[in-house]
$ cat my_file06.txt   # compact mmCIF, C-alpha atoms
# COMPACT_ATOMS: atom_id res chain seq x y z
CA MET L 1345 0.00 0.00 0.00
CA ARG L 1346 1.22 3.46 -0.87
CA THR L 1347 0.71 6.25 1.65
CA ASN L 1348 3.14 8.90 0.33
CA LEU L 1349 2.67 12.44 1.64
CA GLU L 1350 4.29 15.12 -0.49
CA THR L 1351 4.34 18.91 -0.59
CA LEU L 1352 3.58 21.16 -3.54
CA SER L 1353 4.79 24.78 -3.19
CA LEU L 1354 3.33 27.56 -5.30
CA GLN L 1355 4.15 31.25 -5.51
CA THR L 1356 1.00 33.27 -6.13
CA GLU L 1357 1.17 36.68 -7.78
CA GLU L 1358 -2.03 38.58 -7.13
CA LYS L 1359 -4.25 39.47 -4.20
CA GLN L 1360 -7.06 37.32 -5.61
CA GLN L 1361 -6.00 34.78 -8.20
CA LEU L 1362 -7.46 31.59 -9.63
CA ILE L 1363 -4.55 29.38 -10.72
CA ASN L 1364 -4.81 26.24 -12.84
CA ILE L 1365 -2.63 23.68 -11.04
CA THR L 1366 -3.79 20.62 -13.01
CA ALA L 1367 -0.39 20.17 -14.70
CA GLN L 1368 1.49 20.24 -11.36
CA VAL L 1369 -0.98 17.78 -9.84
CA LYS L 1370 -0.60 15.40 -12.79
CA GLU L 1371 3.17 15.63 -12.45
CA VAL L 1372 3.14 14.73 -8.75
CA VAL L 1373 0.70 11.87 -9.48
CA THR L 1374 3.06 10.48 -12.13
CA GLY L 1375 6.06 10.92 -9.81
CA SER L 1376 4.31 9.10 -6.95
CA GLY L 1377 4.28 5.75 -8.74
CA MET L 1378 0.74 5.08 -7.43
CA LYS L 1379 -1.40 3.24 -9.97
CA ASN L 1380 -4.87 3.12 -8.39
CA GLY L 1381 -6.38 4.93 -5.46
CA PHE L 1382 -7.03 8.42 -4.14
CA VAL L 1383 -4.92 11.55 -4.26
CA GLY L 1384 -5.88 14.28 -1.80
CA LEU L 1385 -4.73 17.90 -2.10
CA PHE L 1386 -4.84 19.89 1.13
CA SER L 1387 -4.32 23.62 1.37
CA GLN L 1388 -2.36 24.40 4.52
CA HIS L 1389 -3.85 27.91 4.60
CA THR L 1390 -7.07 29.61 5.66
CA THR L 1391 -7.12 32.17 2.84
CA ALA L 1392 -6.17 29.92 -0.08
CA ALA L 1393 -8.55 27.16 -1.11
CA LEU L 1394 -9.09 24.55 -3.78
CA VAL L 1395 -11.84 23.86 -6.25
CA VAL L 1396 -12.49 21.81 -9.39
CA SER L 1397 -14.10 23.86 -12.15
CA GLU L 1398 -13.69 24.94 -15.76
CA PHE L 1399 -10.66 27.16 -16.30
CA GLN L 1400 -11.87 29.71 -18.82
CA ASN L 1401 -10.92 33.40 -18.56
CA ALA L 1402 -14.44 34.76 -18.96
CA LEU L 1403 -15.79 32.37 -16.33
CA LEU L 1404 -12.92 33.20 -13.95
CA ASP L 1405 -13.91 36.88 -14.22
CA ASP L 1406 -17.51 35.88 -13.44
CA ILE L 1407 -16.36 33.89 -10.39
CA ARG L 1408 -14.34 36.86 -9.11
CA ALA L 1409 -17.30 39.22 -9.64
CA PHE L 1410 -19.58 36.76 -7.86
CA LEU L 1411 -17.21 36.54 -4.87
CA SER L 1412 -17.18 40.35 -4.65
CA ARG L 1413 -20.97 40.52 -4.77
CA ILE L 1414 -21.65 38.00 -2.04
CA VAL L 1415 -18.68 38.88 0.19
CA GLU L 1416 -18.59 42.66 -0.03
CA ASP L 1417 -15.34 44.55 0.50
CA GLU L 1418 -16.88 47.40 2.48
CA MET L 1419 -18.41 45.92 5.60
CA PRO L 1420 -17.57 46.46 9.29
CA TYR L 1421 -15.84 43.07 9.64
CA LYS L 1422 -14.71 42.43 13.22
CA HIS L 1423 -11.66 40.49 12.00
CA ASN L 1424 -10.45 43.76 10.40
CA SER L 1425 -10.93 45.85 13.53
CA PRO L 1426 -8.01 46.34 15.97
CA GLU L 1427 -10.67 46.53 18.69
CA PHE L 1428 -11.63 42.86 18.19
CA SER L 1429 -8.70 41.26 16.34
CA ASP L 1430 -4.92 41.22 16.50
CA CYS L 1431 -4.68 40.23 12.83
CA ASP L 1432 -3.16 43.16 10.98
CA ARG L 1433 -3.79 41.69 7.53
CA ARG L 1434 -7.45 42.90 7.67
CA ASN L 1435 -8.35 40.02 5.43
CA ALA L 1436 -11.85 39.03 6.58
CA THR L 1437 -13.08 38.94 2.97
CA SER L 1438 -10.21 36.56 2.07
CA HIS L 1439 -11.32 34.16 4.80
CA LEU L 1440 -15.01 34.35 3.89
CA ARG L 1441 -14.36 33.90 0.16
CA SER L 1442 -12.11 30.90 0.88
CA LEU L 1443 -14.94 29.29 2.84
CA LEU L 1444 -17.03 29.24 -0.35
CA PHE L 1445 -14.44 26.92 -1.89
CA ASN L 1446 -12.85 23.91 -0.14
CA ASN L 1447 -9.69 23.43 1.88
CA SER L 1448 -9.14 20.15 0.04
CA VAL L 1449 -9.85 18.23 -3.15
CA VAL L 1450 -9.78 14.43 -3.33
CA LEU L 1451 -9.59 12.79 -6.77
CA PRO L 1452 -9.30 9.24 -8.11
CA VAL L 1453 -6.16 7.92 -9.79
CA CYS L 1454 -6.62 5.08 -12.30
CA ALA L 1455 -3.81 3.27 -14.15
CA GLY L 1456 -1.43 5.98 -12.96
CA GLU L 1457 -3.55 8.84 -14.36
CA LEU L 1458 -5.52 11.55 -12.58
CA VAL L 1459 -9.23 11.07 -13.33
CA LEU L 1460 -10.87 14.36 -14.36
CA GLY L 1461 -13.71 15.23 -16.71
CA ARG L 1462 -12.96 16.86 -20.06
CA PHE L 1463 -13.66 20.43 -18.88
CA GLN L 1464 -12.44 20.04 -15.29
CA SER L 1465 -9.32 21.69 -13.91
CA VAL L 1466 -7.93 21.72 -10.39
CA ILE L 1467 -7.81 25.36 -9.33
CA LEU L 1468 -5.97 27.01 -6.43
CA ALA L 1469 -8.10 29.91 -5.24
CA GLU L 1470 -5.65 32.44 -3.80
CA MET L 1471 -7.76 34.92 -1.83
CA ASP L 1472 -4.99 36.84 -0.02
CA GLY L 1473 -1.83 36.84 -2.12
CA PRO L 1474 0.74 37.25 -3.30
CA ARG L 1475 2.29 34.59 -1.07
CA GLU L 1476 4.10 31.29 -1.12
CA ARG L 1477 1.47 28.60 -0.62
CA LYS L 1478 1.92 24.99 0.37
CA LEU L 1479 -0.34 22.09 -0.52
CA LYS L 1480 0.06 18.71 1.10
CA VAL L 1481 -0.52 15.87 -1.36
CA GLN L 1482 -1.58 12.58 0.21
CA PHE L 1483 -1.62 9.38 -1.84
CA LEU L 1484 -3.46 6.28 -0.76
CA GLY L 1485 -3.64 3.21 -2.97
CA GLU L 1486 -1.36 0.74 -4.64
CA MET H 1217 -6.89 -4.00 -1.08
CA ARG H 1218 -9.77 -2.97 -3.34
CA THR H 1219 -9.29 -0.01 -5.66
CA ASN H 1220 -12.20 -0.50 -8.11
CA LEU H 1221 -13.14 2.50 -10.24
CA GLU H 1222 -16.62 2.34 -11.70
CA THR H 1223 -18.90 4.66 -13.67
CA LEU H 1224 -22.47 5.65 -12.87
CA SER H 1225 -24.44 7.18 -15.75
CA LEU H 1226 -27.56 9.24 -15.16
CA GLN H 1227 -29.96 10.94 -17.55
CA THR H 1228 -31.20 14.21 -16.07
CA GLU H 1229 -34.51 15.68 -17.16
CA GLU H 1230 -34.65 19.34 -16.23
CA LYS H 1231 -32.49 22.43 -16.61
CA GLN H 1232 -32.01 22.59 -12.83
CA GLN H 1233 -32.78 19.39 -10.96
CA LEU H 1234 -31.88 17.93 -7.58
CA ILE H 1235 -31.89 14.13 -7.91
CA ASN H 1236 -31.74 11.63 -5.07
CA ILE H 1237 -29.11 9.08 -6.13
CA THR H 1238 -28.77 7.31 -2.77
CA ALA H 1239 -30.34 4.08 -4.09
CA GLN H 1240 -27.95 3.93 -7.07
CA VAL H 1241 -24.96 4.62 -4.82
CA LYS H 1242 -26.02 1.86 -2.40
CA GLU H 1243 -26.39 -0.53 -5.33
CA VAL H 1244 -22.89 0.16 -6.65
CA VAL H 1245 -21.50 -0.17 -3.09
CA THR H 1246 -23.15 -3.58 -2.74
CA GLY H 1247 -21.93 -4.62 -6.18
CA SER H 1248 -18.35 -3.61 -5.43
CA GLY H 1249 -17.87 -6.27 -2.78
CA MET H 1250 -15.94 -3.78 -0.60
CA LYS H 1251 -16.61 -4.29 3.10
CA ASN H 1252 -14.79 -1.40 4.81
CA GLY H 1253 -13.27 1.78 3.47
CA PHE H 1254 -14.14 4.86 1.47
CA VAL H 1255 -16.33 5.30 -1.58
CA GLY H 1256 -15.80 8.53 -3.52
CA LEU H 1257 -18.28 9.89 -6.06
CA PHE H 1258 -16.82 12.29 -8.61
CA SER H 1259 -18.86 14.36 -11.03
CA GLN H 1260 -17.03 14.52 -14.35
CA HIS H 1261 -18.78 17.78 -15.18
CA THR H 1262 -18.49 21.48 -14.33
CA THR H 1263 -22.23 22.19 -14.25
CA ALA H 1264 -23.41 19.14 -12.30
CA ALA H 1265 -22.31 18.73 -8.71
CA LEU H 1266 -22.89 16.57 -5.65
CA VAL H 1267 -24.09 17.25 -2.14
CA VAL H 1268 -25.35 15.37 0.91
CA SER H 1269 -28.54 16.88 2.32
CA GLU H 1270 -32.12 16.09 3.24
CA PHE H 1271 -34.25 15.17 0.24
CA GLN H 1272 -37.59 16.79 0.99
CA ASN H 1273 -39.63 18.52 -1.71
CA ALA H 1274 -40.27 21.72 0.23
CA LEU H 1275 -36.58 22.04 1.13
CA LEU H 1276 -35.54 21.33 -2.48
CA ASP H 1277 -37.73 24.27 -3.56
CA ASP H 1278 -36.04 26.43 -0.91
CA ILE H 1279 -32.60 25.38 -2.18
CA ARG H 1280 -33.56 26.25 -5.76
CA ALA H 1281 -34.95 29.64 -4.67
CA PHE H 1282 -31.77 30.29 -2.67
CA LEU H 1283 -29.58 29.46 -5.69
CA SER H 1284 -31.59 31.91 -7.80
CA ARG H 1285 -31.28 34.65 -5.19
CA ILE H 1286 -27.53 34.45 -4.74
CA VAL H 1287 -26.66 33.64 -8.37
CA GLU H 1288 -29.03 35.91 -10.30
CA ASP H 1289 -30.13 34.99 -13.80
CA GLU H 1290 -30.00 38.50 -15.20
CA MET H 1291 -26.41 39.70 -14.89
CA PRO H 1292 -23.89 40.66 -17.58
CA TYR H 1293 -21.86 37.43 -17.20
CA LYS H 1294 -18.75 37.41 -19.40
CA HIS H 1295 -19.04 33.66 -19.91
CA ASN H 1296 -22.37 34.34 -21.68
CA SER H 1297 -21.00 37.03 -23.97
CA PRO H 1298 -19.73 36.09 -27.47
CA GLU H 1299 -17.27 38.97 -27.05
CA PHE H 1300 -15.43 37.16 -24.24
CA SER H 1301 -16.40 33.49 -24.51
CA ASP H 1302 -16.75 30.88 -27.22
CA CYS H 1303 -19.17 28.86 -25.07
CA ASP H 1304 -22.56 29.04 -26.74
CA ARG H 1305 -24.41 27.42 -23.84
CA ARG H 1306 -24.49 30.79 -21.97
CA ASN H 1307 -24.51 28.85 -18.75
CA ALA H 1308 -22.53 31.07 -16.36
CA THR H 1309 -25.21 30.68 -13.69
CA SER H 1310 -24.95 26.88 -14.01
CA HIS H 1311 -21.21 27.05 -13.33
CA LEU H 1312 -21.56 29.46 -10.39
CA ARG H 1313 -24.38 27.48 -8.78
CA SER H 1314 -22.37 24.25 -9.14
CA LEU H 1315 -19.48 25.88 -7.29
CA LEU H 1316 -21.73 26.25 -4.24
CA PHE H 1317 -21.98 22.45 -4.08
CA ASN H 1318 -19.05 20.03 -4.48
CA ASN H 1319 -17.58 18.18 -7.44
CA SER H 1320 -17.26 15.12 -5.21
CA VAL H 1321 -18.62 13.35 -2.16
CA VAL H 1322 -16.58 10.85 -0.13
CA LEU H 1323 -18.43 8.53 2.28
CA PRO H 1324 -17.50 5.64 4.58
CA VAL H 1325 -18.52 2.06 3.90
CA CYS H 1326 -18.82 -0.23 6.93
CA ALA H 1327 -19.66 -3.95 6.82
CA GLY H 1328 -20.60 -3.52 3.16
CA GLU H 1329 -23.09 -0.71 3.84
CA LEU H 1330 -22.96 2.97 2.93
CA VAL H 1331 -22.78 5.03 6.15
CA LEU H 1332 -25.28 7.91 6.09
CA GLY H 1333 -27.28 9.67 8.78
CA ARG H 1334 -31.02 9.06 9.06
CA PHE H 1335 -32.03 12.18 7.11
CA GLN H 1336 -29.08 12.27 4.70
CA SER H 1337 -29.36 11.58 0.97
CA VAL H 1338 -26.74 11.79 -1.75
CA ILE H 1339 -27.99 14.35 -4.25
CA LEU H 1340 -26.87 15.06 -7.80
CA ALA H 1341 -27.29 18.77 -8.42
CA GLU H 1342 -27.92 19.14 -12.15
CA MET H 1343 -27.49 22.82 -12.94
CA ASP H 1344 -27.51 22.69 -16.76
CA GLY H 1345 -29.63 19.80 -17.94
CA PRO H 1346 -31.18 17.84 -19.37
CA ARG H 1347 -28.04 15.82 -20.15
CA GLU H 1348 -26.44 12.45 -19.67
CA ARG H 1349 -24.12 12.77 -16.69
CA LYS H 1350 -21.31 10.49 -15.61
CA LEU H 1351 -20.03 9.97 -12.09
CA LYS H 1352 -16.82 8.10 -11.42
CA VAL H 1353 -17.09 5.90 -8.32
CA GLN H 1354 -13.78 5.10 -6.65
CA PHE H 1355 -13.57 2.44 -3.94
CA LEU H 1356 -10.65 2.13 -1.56
CA GLY H 1357 -10.65 -0.40 1.23
CA GLU H 1358 -10.90 -4.11 1.76
CA MET G 1094 -4.53 -2.03 6.34
CA ARG G 1095 -6.53 -0.12 8.91
CA THR G 1096 -10.18 0.64 8.18
CA ASN G 1097 -11.46 1.57 11.66
CA LEU G 1098 -14.78 3.39 11.81
CA GLU G 1099 -15.40 5.26 15.04
CA THR G 1100 -18.02 7.66 16.40
CA LEU G 1101 -17.45 11.06 17.99
CA SER G 1102 -20.38 12.46 19.99
CA LEU G 1103 -20.67 16.14 20.78
CA GLN G 1104 -23.23 18.10 22.76
CA THR G 1105 -23.78 21.52 21.20
CA GLU G 1106 -25.06 24.41 23.28
CA GLU G 1107 -26.40 27.12 21.02
CA LYS G 1108 -28.78 27.43 18.09
CA GLN G 1109 -25.90 28.43 15.81
CA GLN G 1110 -22.45 27.57 17.09
CA LEU G 1111 -18.99 27.15 15.55
CA ILE G 1112 -17.07 24.66 17.71
CA ASN G 1113 -13.36 23.94 17.50
CA ILE G 1114 -13.10 20.13 17.53
CA THR G 1115 -9.41 19.90 16.55
CA ALA G 1116 -8.39 18.52 19.96
CA GLN G 1117 -11.04 15.76 19.84
CA VAL G 1118 -10.03 14.83 16.29
CA LYS G 1119 -6.34 14.65 17.27
CA GLU G 1120 -7.28 12.43 20.21
CA VAL G 1121 -9.21 9.98 18.06
CA VAL G 1122 -6.35 9.96 15.52
CA THR G 1123 -3.86 9.09 18.27
CA GLY G 1124 -6.21 6.45 19.66
CA SER G 1125 -6.67 4.81 16.26
CA GLY G 1126 -3.06 3.67 15.99
CA MET G 1127 -3.01 4.60 12.29
CA LYS G 1128 0.34 6.00 11.21
CA ASN G 1129 -0.20 7.10 7.59
CA GLY G 1130 -3.31 7.60 5.53
CA PHE G 1131 -6.59 9.47 5.52
CA VAL G 1132 -9.00 10.29 8.31
CA GLY G 1133 -12.50 11.29 7.23
CA LEU G 1134 -15.00 13.04 9.51
CA PHE G 1135 -18.64 12.68 8.50
CA SER G 1136 -21.51 14.61 10.03
CA GLN G 1137 -24.52 12.33 10.31
CA HIS G 1138 -26.83 15.34 10.24
CA THR G 1139 -28.32 17.73 7.69
CA THR G 1140 -28.16 20.83 9.90
CA ALA G 1141 -24.66 20.40 11.35
CA ALA G 1142 -21.68 20.57 9.02
CA LEU G 1143 -17.89 20.62 9.04
CA VAL G 1144 -15.30 23.07 7.80
CA VAL G 1145 -11.58 23.78 8.15
CA SER G 1146 -10.88 27.44 8.91
CA GLU G 1147 -9.17 29.76 11.36
CA PHE G 1148 -10.78 29.68 14.81
CA GLN G 1149 -10.64 33.31 15.92
CA ASN G 1150 -13.53 34.93 17.77
CA ALA G 1151 -13.74 38.04 15.59
CA LEU G 1152 -13.71 35.94 12.43
CA LEU G 1153 -16.35 33.57 13.84
CA ASP G 1154 -18.60 36.60 14.37
CA ASP G 1155 -17.96 37.64 10.77
CA ILE G 1156 -18.84 34.15 9.54
CA ARG G 1157 -22.10 34.18 11.52
CA ALA G 1158 -22.99 37.65 10.18
CA PHE G 1159 -22.18 36.49 6.65
CA LEU G 1160 -24.44 33.43 7.04
CA SER G 1161 -27.28 35.70 8.20
CA ARG G 1162 -26.82 38.06 5.27
CA ILE G 1163 -26.85 35.43 2.54
CA VAL G 1164 -29.42 33.12 4.15
CA GLU G 1165 -31.95 35.56 5.56
CA ASP G 1166 -34.09 34.60 8.55
CA GLU G 1167 -37.26 36.25 7.29
CA MET G 1168 -38.19 34.59 4.03
CA PRO G 1169 -41.26 32.53 3.08
CA TYR G 1170 -39.37 29.20 3.16
CA LYS G 1171 -41.57 26.29 2.08
CA HIS G 1172 -39.77 23.95 4.48
CA ASN G 1173 -41.12 26.13 7.33
CA SER G 1174 -44.72 26.08 6.11
CA PRO G 1175 -47.15 23.44 7.41
CA GLU G 1176 -48.81 23.68 3.99
CA PHE G 1177 -45.75 22.18 2.26
CA SER G 1178 -43.74 20.45 4.97
CA ASP G 1179 -44.35 18.17 7.91
CA CYS G 1180 -41.13 19.29 9.60
CA ASP G 1181 -42.10 21.21 12.70
CA ARG G 1182 -38.58 22.47 13.41
CA ARG G 1183 -39.03 25.24 10.79
CA ASN G 1184 -35.31 25.14 10.23
CA ALA G 1185 -34.93 25.95 6.53
CA THR G 1186 -32.18 28.47 7.29
CA SER G 1187 -30.28 25.80 9.24
CA HIS G 1188 -30.34 23.50 6.21
CA LEU G 1189 -29.34 26.23 3.75
CA ARG G 1190 -26.50 27.51 5.96
CA SER G 1191 -25.20 23.94 6.43
CA LEU G 1192 -25.05 23.55 2.65
CA LEU G 1193 -22.50 26.37 2.51
CA PHE G 1194 -20.14 24.22 4.60
CA ASN G 1195 -19.47 20.50 3.99
CA ASN G 1196 -20.98 17.33 5.37
CA SER G 1197 -17.46 15.91 5.65
CA VAL G 1198 -13.80 16.76 6.03
CA VAL G 1199 -11.00 14.43 4.90
CA LEU G 1200 -7.48 15.07 6.21
CA PRO G 1201 -4.07 13.37 5.92
CA VAL G 1202 -2.42 11.61 8.84
CA CYS G 1203 1.38 11.39 8.75
CA ALA G 1204 3.56 9.58 11.33
CA GLY G 1205 0.50 9.30 13.57
CA GLU G 1206 -0.23 13.05 13.50
CA LEU G 1207 -3.12 14.96 11.93
CA VAL G 1208 -1.73 17.20 9.17
CA LEU G 1209 -3.11 20.76 9.43
CA GLY G 1210 -1.68 24.16 8.58
CA ARG G 1211 -0.59 26.50 11.38
CA PHE G 1212 -3.82 28.51 11.43
CA GLN G 1213 -6.22 25.71 10.52
CA SER G 1214 -8.77 24.22 12.89
CA VAL G 1215 -11.45 21.61 12.30
CA ILE G 1216 -14.78 23.28 13.07
CA LEU G 1217 -18.19 21.76 13.68
CA ALA G 1218 -20.79 24.19 12.33
CA GLU G 1219 -23.91 23.62 14.43
CA MET G 1220 -26.75 25.37 12.60
CA ASP G 1221 -29.73 24.04 14.57
CA GLY G 1222 -28.71 23.33 18.13
CA PRO G 1223 -28.52 22.69 20.91
CA ARG G 1224 -28.41 18.96 20.18
CA GLU G 1225 -26.32 15.87 20.56
CA ARG G 1226 -24.42 15.44 17.31
CA LYS G 1227 -22.61 12.39 15.99
CA LEU G 1228 -19.65 12.33 13.65
CA LYS G 1229 -18.47 9.12 12.04
CA VAL G 1230 -14.68 8.96 11.86
CA GLN G 1231 -13.32 6.68 9.14
CA PHE G 1232 -9.63 5.76 9.06
CA LEU G 1233 -7.93 4.30 6.00
CA GLY G 1234 -4.21 3.65 5.93
CA GLU G 1235 -1.61 1.67 7.79
$ encode --input "my_file06.txt" --output "structure tokens"
Amino acid sequence: MRTNLETLSLQTEEKQQLINITAQVKEVVTGSGMKNGFVGLFSQHTTAALVVSEFQNALLDDIRAFLSRIVEDEMPYKHNSPEFSDCDRRNATSHLRSLLFNNSVVLPVCAGELVLGRFQSVILAEMDGPRERKLKVQFLGE
Amino acid sequence: MRTNLETLSLQTEEKQQLINITAQVKEVVTGSGMKNGFVGLFSQHTTAALVVSEFQNALLDDIRAFLSRIVEDEMPYKHNSPEFSDCDRRNATSHLRSLLFNNSVVLPVCAGELVLGRFQSVILAEMDGPRERKLKVQFLGE
Amino acid sequence: MRTNLETLSLQTEEKQQLINITAQVKEVVTGSGMKNGFVGLFSQHTTAALVVSEFQNALLDDIRAFLSRIVEDEMPYKHNSPEFSDCDRRNATSHLRSLLFNNSVVLPVCAGELVLGRFQSVILAEMDGPRERKLKVQFLGE
């Protein structure tokens, strides 16, 4: 049984950025030697999340606009107030937007290949960049 | 160790439809022969998602109304504009609503039975039907 | 191969409560004897969910305020109407808010330790308490 745990490091470049990491995930799957089982990707952060969706520029703009509409920038967030919080990043919206995605994505691996639908990409949702982000990659299978 | 990967095909019937697939999932669990471990269900699509919730007609109507309130039909979505997108389905709302659910659901299997709470059902959230949808079903256990 | 399935019981105390259960999860991981693999936590309920986020009081208040803004208390929910529903808890908002979180959380275990980022906590999102809640905890690894 394979139970490799690996780390994928990514440098993000914008405050809010949707990054297609499918190629990196496929590479780490190939490198793992696992033939059949699960691969889990786990963001180690509370303002960077993961999601599987279509990676198309127009849709990414729509996702960003949607996030801004439902988690508004101008609100009296307690997390941003020195009275209630010792976090000086004032990034309440980054936390709330991350919650709408997932901290992890689990996917099947079959015959050594990541199993994804034709239009699906694995996307890192950076909500408070630019930063260096770390994903743990857990394999379980044979 | 069992690492079967199977496919579940479903024909949806409406543009936006919440379908109780618990019976089909239980059937494929029984058919797999796996006694203990995880079963993962993976939508292969970007406008059909999965969720575990209560399957009650009144609540399903509330979920649909909620989806329409937070992802409005009438917005200038770029994904729907020929100027920005070559997708002629104009289904930005289908993508955004799918993001609020999950592309996958992982559940435990114990003594050959799917483990679910009394009021829980596995629901396919079709957001852009009617279509034939495929779910990959990955088993991992013994 | 380890495939233990265990149960974690929790008594919640408020109608809507975000509870840090990281210590309990770490305890059950240690008790399992599993060294490497996945641990999955599965809410057995449709109005109590799970999420991985930062557990900071100011942010928890922001999350609660956000939930109230996007799932409003005063709406003509069908699930709350005796005309459409035989559920006398009138808890449509509890269901809808739970849907914004997850019914499950899967995490890696490495060298016997739960793998979480520095600011990450496992949080039980009680949306219809106070109640006794049960989580199934599925281990898979070695």
$ closest_atom_pairs --input "my_file06.txt" --of "chain H" --to "chain G" --cutoff "7 Å" --atoms "only C-alpha atoms" --output "Markdown table"
| residue | atom | partner | partner_atom | distance |
| --- | --- | --- | --- | --- |
| H:Asn1252 | CA | G:Thr1096 | CA | 6.1 |
| H:Gly1253 | CA | G:Thr1096 | CA | 5.7 |
| H:Val1268 | CA | G:Asn1196 | CA | 6.5 |
| H:Ser1269 | CA | G:Thr1139 | CA | 5.4 |
| H:Glu1270 | CA | G:Thr1139 | CA | 6.1 |
| H:Ala1274 | CA | G:His1172 | CA | 4.8 |
| H:Leu1275 | CA | G:His1172 | CA | 5.0 |
| H:Asp1278 | CA | G:Tyr1170 | CA | 5.9 |
| H:Ile1279 | CA | G:Leu1189 | CA | 6.8 |
| H:Leu1316 | CA | G:Leu1193 | CA | 6.8 |
| H:Pro1324 | CA | G:Gln1231 | CA | 6.3 |
| H:Leu1332 | CA | G:Gln1137 | CA | 6.2 |
| H:Gly1333 | CA | G:Gln1137 | CA | 4.1 |
| H:Phe1335 | CA | G:Thr1139 | CA | 6.7 |
| H:Gln1336 | CA | G:Thr1139 | CA | 6.3 |
$ atom_distance --input "my_file06.txt" --atom1 "atom CA of Val1202 of chain G" --atom2 "atom CA of Gly1473 of chain L"
27.5 Å
$ residues_around --input "my_file06.txt" --residues "Gln1355 of chain L" --least-positions-apart "2" --cutoff "8 Å" --atoms "all atoms listed in the file" --output "PyMOL selection string"
chain L and resi 1353+1357+1474-1477
$ atom_distance --input "my_file06.txt" --atom1 "atom CA of Arg1162 of chain G" --atom2 "atom CA of Ser1214 of chain G"
24.0 Å
$ closest_residue --input "my_file06.txt" --among "H:Thr1223, H:Glu1329, H:Ser1310, H:Ile1237" --to "Leu1283 of chain H" --atoms "all atoms listed in the file"
H:Ser1310
$ atom_distance --input "my_file06.txt" --atom1 "atom CA of Val1383 of chain L" --atom2 "atom CA of Asn1364 of chain L"
17.0 Å
$ decode --input "my_file06.txt" --residues "segment 1447-1458 of chain L" --atoms "N, CA, C and O atoms" --output "mmCIF file, in the first residue's frame"
data_model
loop_
_atom_site.group_PDB
_atom_site.id
_atom_site.type_symbol
_atom_site.label_atom_id
_atom_site.label_comp_id
_atom_site.auth_asym_id
_atom_site.auth_seq_id
_atom_site.Cartn_x
_atom_site.Cartn_y
_atom_site.Cartn_z
ATOM 1 N N ASN L 1447 -11.102 23.486 1.494
ATOM 2 C CA ASN L 1447 -9.694 23.428 1.884
ATOM 3 C C ASN L 1447 -8.990 22.261 1.191
ATOM 4 O O ASN L 1447 -7.764 22.216 1.158
ATOM 5 N N SER L 1448 -9.760 21.332 0.645
ATOM 6 C CA SER L 1448 -9.145 20.155 0.044
ATOM 7 C C SER L 1448 -9.919 19.687 -1.180
ATOM 8 O O SER L 1448 -11.092 20.028 -1.358
ATOM 9 N N VAL L 1449 -9.237 18.909 -2.009
ATOM 10 C CA VAL L 1449 -9.848 18.235 -3.146
ATOM 11 C C VAL L 1449 -9.304 16.808 -3.151
ATOM 12 O O VAL L 1449 -8.091 16.612 -3.070
ATOM 13 N N VAL L 1450 -10.190 15.830 -3.203
ATOM 14 C CA VAL L 1450 -9.783 14.430 -3.328
ATOM 15 C C VAL L 1450 -10.199 13.962 -4.719
ATOM 16 O O VAL L 1450 -11.303 14.273 -5.172
ATOM 17 N N LEU L 1451 -9.301 13.250 -5.406
ATOM 18 C CA LEU L 1451 -9.586 12.785 -6.771
ATOM 19 C C LEU L 1451 -9.132 11.346 -6.934
ATOM 20 O O LEU L 1451 -8.194 10.902 -6.255
ATOM 21 N N PRO L 1452 -9.753 10.600 -7.855
ATOM 22 C CA PRO L 1452 -9.295 9.237 -8.111
ATOM 23 C C PRO L 1452 -8.074 9.239 -9.040
ATOM 24 O O PRO L 1452 -7.911 10.145 -9.858
ATOM 25 N N VAL L 1453 -7.258 8.208 -8.865
ATOM 26 C CA VAL L 1453 -6.159 7.925 -9.788
ATOM 27 C C VAL L 1453 -6.411 6.522 -10.337
ATOM 28 O O VAL L 1453 -6.686 5.596 -9.564
ATOM 29 N N CYS L 1454 -6.368 6.384 -11.663
ATOM 30 C CA CYS L 1454 -6.625 5.084 -12.299
ATOM 31 C C CYS L 1454 -5.545 4.806 -13.335
ATOM 32 O O CYS L 1454 -5.296 5.650 -14.199
ATOM 33 N N ALA L 1455 -4.900 3.645 -13.227
ATOM 34 C CA ALA L 1455 -3.811 3.268 -14.153
ATOM 35 C C ALA L 1455 -2.751 4.365 -14.211
ATOM 36 O O ALA L 1455 -2.224 4.693 -15.268
ATOM 37 N N GLY L 1456 -2.480 4.967 -13.057
ATOM 38 C CA GLY L 1456 -1.429 5.976 -12.964
ATOM 39 C C GLY L 1456 -1.830 7.370 -13.417
ATOM 40 O O GLY L 1456 -1.019 8.298 -13.367
ATOM 41 N N GLU L 1457 -3.101 7.543 -13.835
ATOM 42 C CA GLU L 1457 -3.546 8.839 -14.359
ATOM 43 C C GLU L 1457 -4.589 9.472 -13.442
ATOM 44 O O GLU L 1457 -5.487 8.780 -12.946
ATOM 45 N N LEU L 1458 -4.495 10.790 -13.289
ATOM 46 C CA LEU L 1458 -5.520 11.552 -12.576
ATOM 47 C C LEU L 1458 -6.823 11.471 -13.366
ATOM 48 O O LEU L 1458 -6.829 11.675 -14.578
#
